[in-house]
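These notes concern the structure reproduced below.
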Amino acid sequence: MSDLDFLFEKLESADKVLVGAGAGLSAAAGLSYFDTAVFDKYYPDVRRLGYRCQYELVGIRDDEWSVGRKWAWWATHVNYVRYIFPAAELYSKLLGLLDGKDYFVVTSNADRQFVRNGIDENRLFEFQGNYDNMGCAGRCTPHTWYNKPYLDRILERLDHEKFECPDDALPRCPYCGGLAEMCFRGEDYKERRERYVDFVESCEDRRLCIIELGVGFNTPGVIRWPFERITYQLPQSHLFRINSGYKELRNDRGDNDIPPEIEDRATFIGTDAAEVIERLCEMKEKRDK
Ligand SMILES: [Zn+2]
C-alpha cells in the first residue's frame with residue numbers, strides 16, 4: 001500500500017481528524033513569500049528600497065523602520081495577502097476532505113485562507129493570530145478592531161516616494177487617541193485556544209488521524225512539536241507529516257525528522273501539499289462513485 005493510500009484509509013476510518021497547516025500549505029496554494037515576480041508587481045515601493053521578496057521583511061525589527069514606514073508596510077502587505085490574493089481552491093479542497101468529520105485545524109498562517117474558504121470557525125485555531133485585527137499600542141483597552149478601513153486609508157494617503165504613511169494618516173486608537181498597532185490575536189484568542197485543547201482532550205481512546213501540511217522549522221513549537229507529543233501520548237493516533245521541503249534533513253529512511261518514539265505511528269510524505277490534497281480528492285471521488 002502506498003503512503004497516500006494509507007493516509008486515505010486512515011482519514012476515512014478516523015473518528016477524529018487534527019490538521020496542522022503551516023506556511024508550506026499557503027505556498028502550495030500559490031502564496032509564496034519567496035515570489036519575486038509578485039513582489040515586483042504588488043510591492044513596487046518596497047522593491048525600490050532594495051528588498052526582493054516578502055520573506056525578507058518577516059520579523060523586521062522595531063528600530064529599523066519609522067512608525068510611518070511600518071504602517072506603509074502593513075497596509076501594503078495585508079492588502080496583498082488578505083485581499084488581492086484570492087481565496088485558494090486548495091484550502092477549499094482540503095475542507096472538502098474534512099467535510100462530515102469531527103475535525104479541528106490549527107494553523108500558523110495569518111492569511112485567513114481557512115476562513116475565506118468557509119471553515120466553521122469553531123474548528124479553527126490560528127496560533128499566531130491573523131491579519132484582521134488592530135489594537136491600541138498603549139494598551140489602554142483589551143479590545144481589538146477590524147483593521148481594513150484603517151489600512152485602506154493608509155494606502156490612499158501613502159507617500160510612495162518615501163514609502164511612508166504620513167503622520168496625520170497614522171491609525172489611532174478610537175478609545176484613547178494614541179497610536180494603534182497591528183494586533184494578531186483578537187479578543188477571542190483565548191477561547192479559540194481552549195477549543196483546540198478541548199478537541200485534543202476529546203481524542204483520547206479515539207482513532208485520531210493527524211495531518212501536518214507544510215509545517216517547517218521557523219516556529220516548530222506551534223504545530224510540529226506539539227503534534228509529535230500528541231501522537232506520542234495518544235496511542236490510537238497516527239501522524240502524517242506532509243512536507244516537500246527540508247530535503248537535506250531527511251534521514252536514511254527518507255523521513256523528515258520523525259522522532260524514534262513515534263516512528264511506528266508516523267508517516268512522512270515528502271510530496272507537495274497541493275499534490276497530496278489533489279490525490280486524496282481523486283480517491284474520495286472514486287470511492288463516492
Ligand atoms: Zn488606546
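Residue numbering restarts at 1 in every chain; chains get A, B, ... in the order shown in the C-alpha cells, and ligands count up from 1 in that same order.
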
For Cys165 (chain A), please output as a list in words all residues within 10 Å (counting only C-alpha atoms; exclusion window: fewer than 4 positions along the same chain). Ser66, Val67, Gly68, Arg69, Lys70, Trp71, Ala72, Trp73, Ala75, Arg153, Ile154, Leu155, Glu156, Arg157, Leu158, Asp159, His160, Ala169, Leu170 and Pro171 of chain A

In region 106-171 of chain A, DSSP strand (DSSP E) residues written as a ChimeraX atom specification: /A:106-107,124-126,133-136,145-146

Can you write out as CSV which residues of chain A fall within 9 Å of ligand 1, alongside each residue's closest atom pair and its distance in Å to one decimal, counting only C-alpha atoms and all ligand atoms and ordering rows by chain and ascending residue number?
residue,atom,partner,partner_atom_place_in_ligand_line,distance
A:Gly135,CA,ligand 1,1 (Zn),7.6
A:Cys136,CA,ligand 1,1 (Zn),4.4
A:Ala137,CA,ligand 1,1 (Zn),6.7
A:Gly138,CA,ligand 1,1 (Zn),5.7
A:Arg139,CA,ligand 1,1 (Zn),5.8
A:Cys140,CA,ligand 1,1 (Zn),4.2
A:Thr141,CA,ligand 1,1 (Zn),5.9
A:Arg172,CA,ligand 1,1 (Zn),7.7
A:Cys173,CA,ligand 1,1 (Zn),4.6
A:Pro174,CA,ligand 1,1 (Zn),6.6
A:Tyr175,CA,ligand 1,1 (Zn),4.9
A:Cys176,CA,ligand 1,1 (Zn),4.0
A:Gly177,CA,ligand 1,1 (Zn),6.0
A:Gly178,CA,ligand 1,1 (Zn),5.4
A:Leu179,CA,ligand 1,1 (Zn),7.2
A:Ala180,CA,ligand 1,1 (Zn),7.1

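Between CA of Gly216 (chain A) and CA of Tyr131 (chain A) the separation is 20.5 Å.
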
Any idea what's packed within 6 Å of region 221-237 of chain A, counting only C-alpha atoms, ignoring anything in its chain fewer than 5 positions away? Could you give it as a ChimeraX atom specification? /A:207-209,262

Keeping only C-alpha atoms, write the selected residues as a PDB file, in the first residue's frame.
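And here is the file that came out, part00.pdb:
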ATOM      1  CA  ARG A 207      -8.946   6.821  16.212  1.00  0.00           C
ATOM      2  CA  LEU A 208      -7.211  10.103  15.529  1.00  0.00           C
ATOM      3  CA  CYS A 209      -5.746  10.944  12.134  1.00  0.00           C
ATOM      4  CA  ILE A 262       6.641   7.639  17.324  1.00  0.00           C
TER       5      ILE A 262
END

As a PyMOL selection string, please: all residues of region 195-263 of chain A that backbone DSSP puts in helix (DSSP H, G or I). chain A and resi 195-201+224-233+247-249+260-263

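CA of Val46 (chain A) lies 16.3 Å from CA of Pro166 (chain A).
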
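Taking CA of Leu57 (chain A) as the reference point, CA of Leu25 (chain A) is found at 19.8 Å.
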
Using only C-alpha atoms for the distances, tell me which of A:Glu9, A:Asp272, A:Glu164, A:Asp152 is nearest to Trp65 (chain A). A:Glu164

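Nearest residue to Tyr246 (chain A), choosing from A:Val215, A:Ala266, A:Leu280, A:Ala27 and counting only C-alpha atoms: A:Val215.
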
Of the residues A:Leu97, A:Cys281, A:Leu239, A:Val115, which is the one nearest to Phe268 (chain A), using only C-alpha atoms? A:Leu239

Find the residues around Arg185 (chain A) up to 7 Å (only C-alpha atoms counted), leave out those fewer than 4 positions away in its own chain, and share them as a list in words. Gly129, Asn130 and Tyr189 of chain A

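Proximity to Asn218 (chain A) was assessed for A:Pro260, A:Pro86, A:Gly22, A:Gly96 counting only C-alpha atoms; the smallest distance is recorded for A:Gly22.
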
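Counting only C-alpha atoms and comparing A:Gly214, A:Glu201, A:Lys284, A:Glu261, the residue that lies closest to Leu98 (chain A) is A:Lys284.
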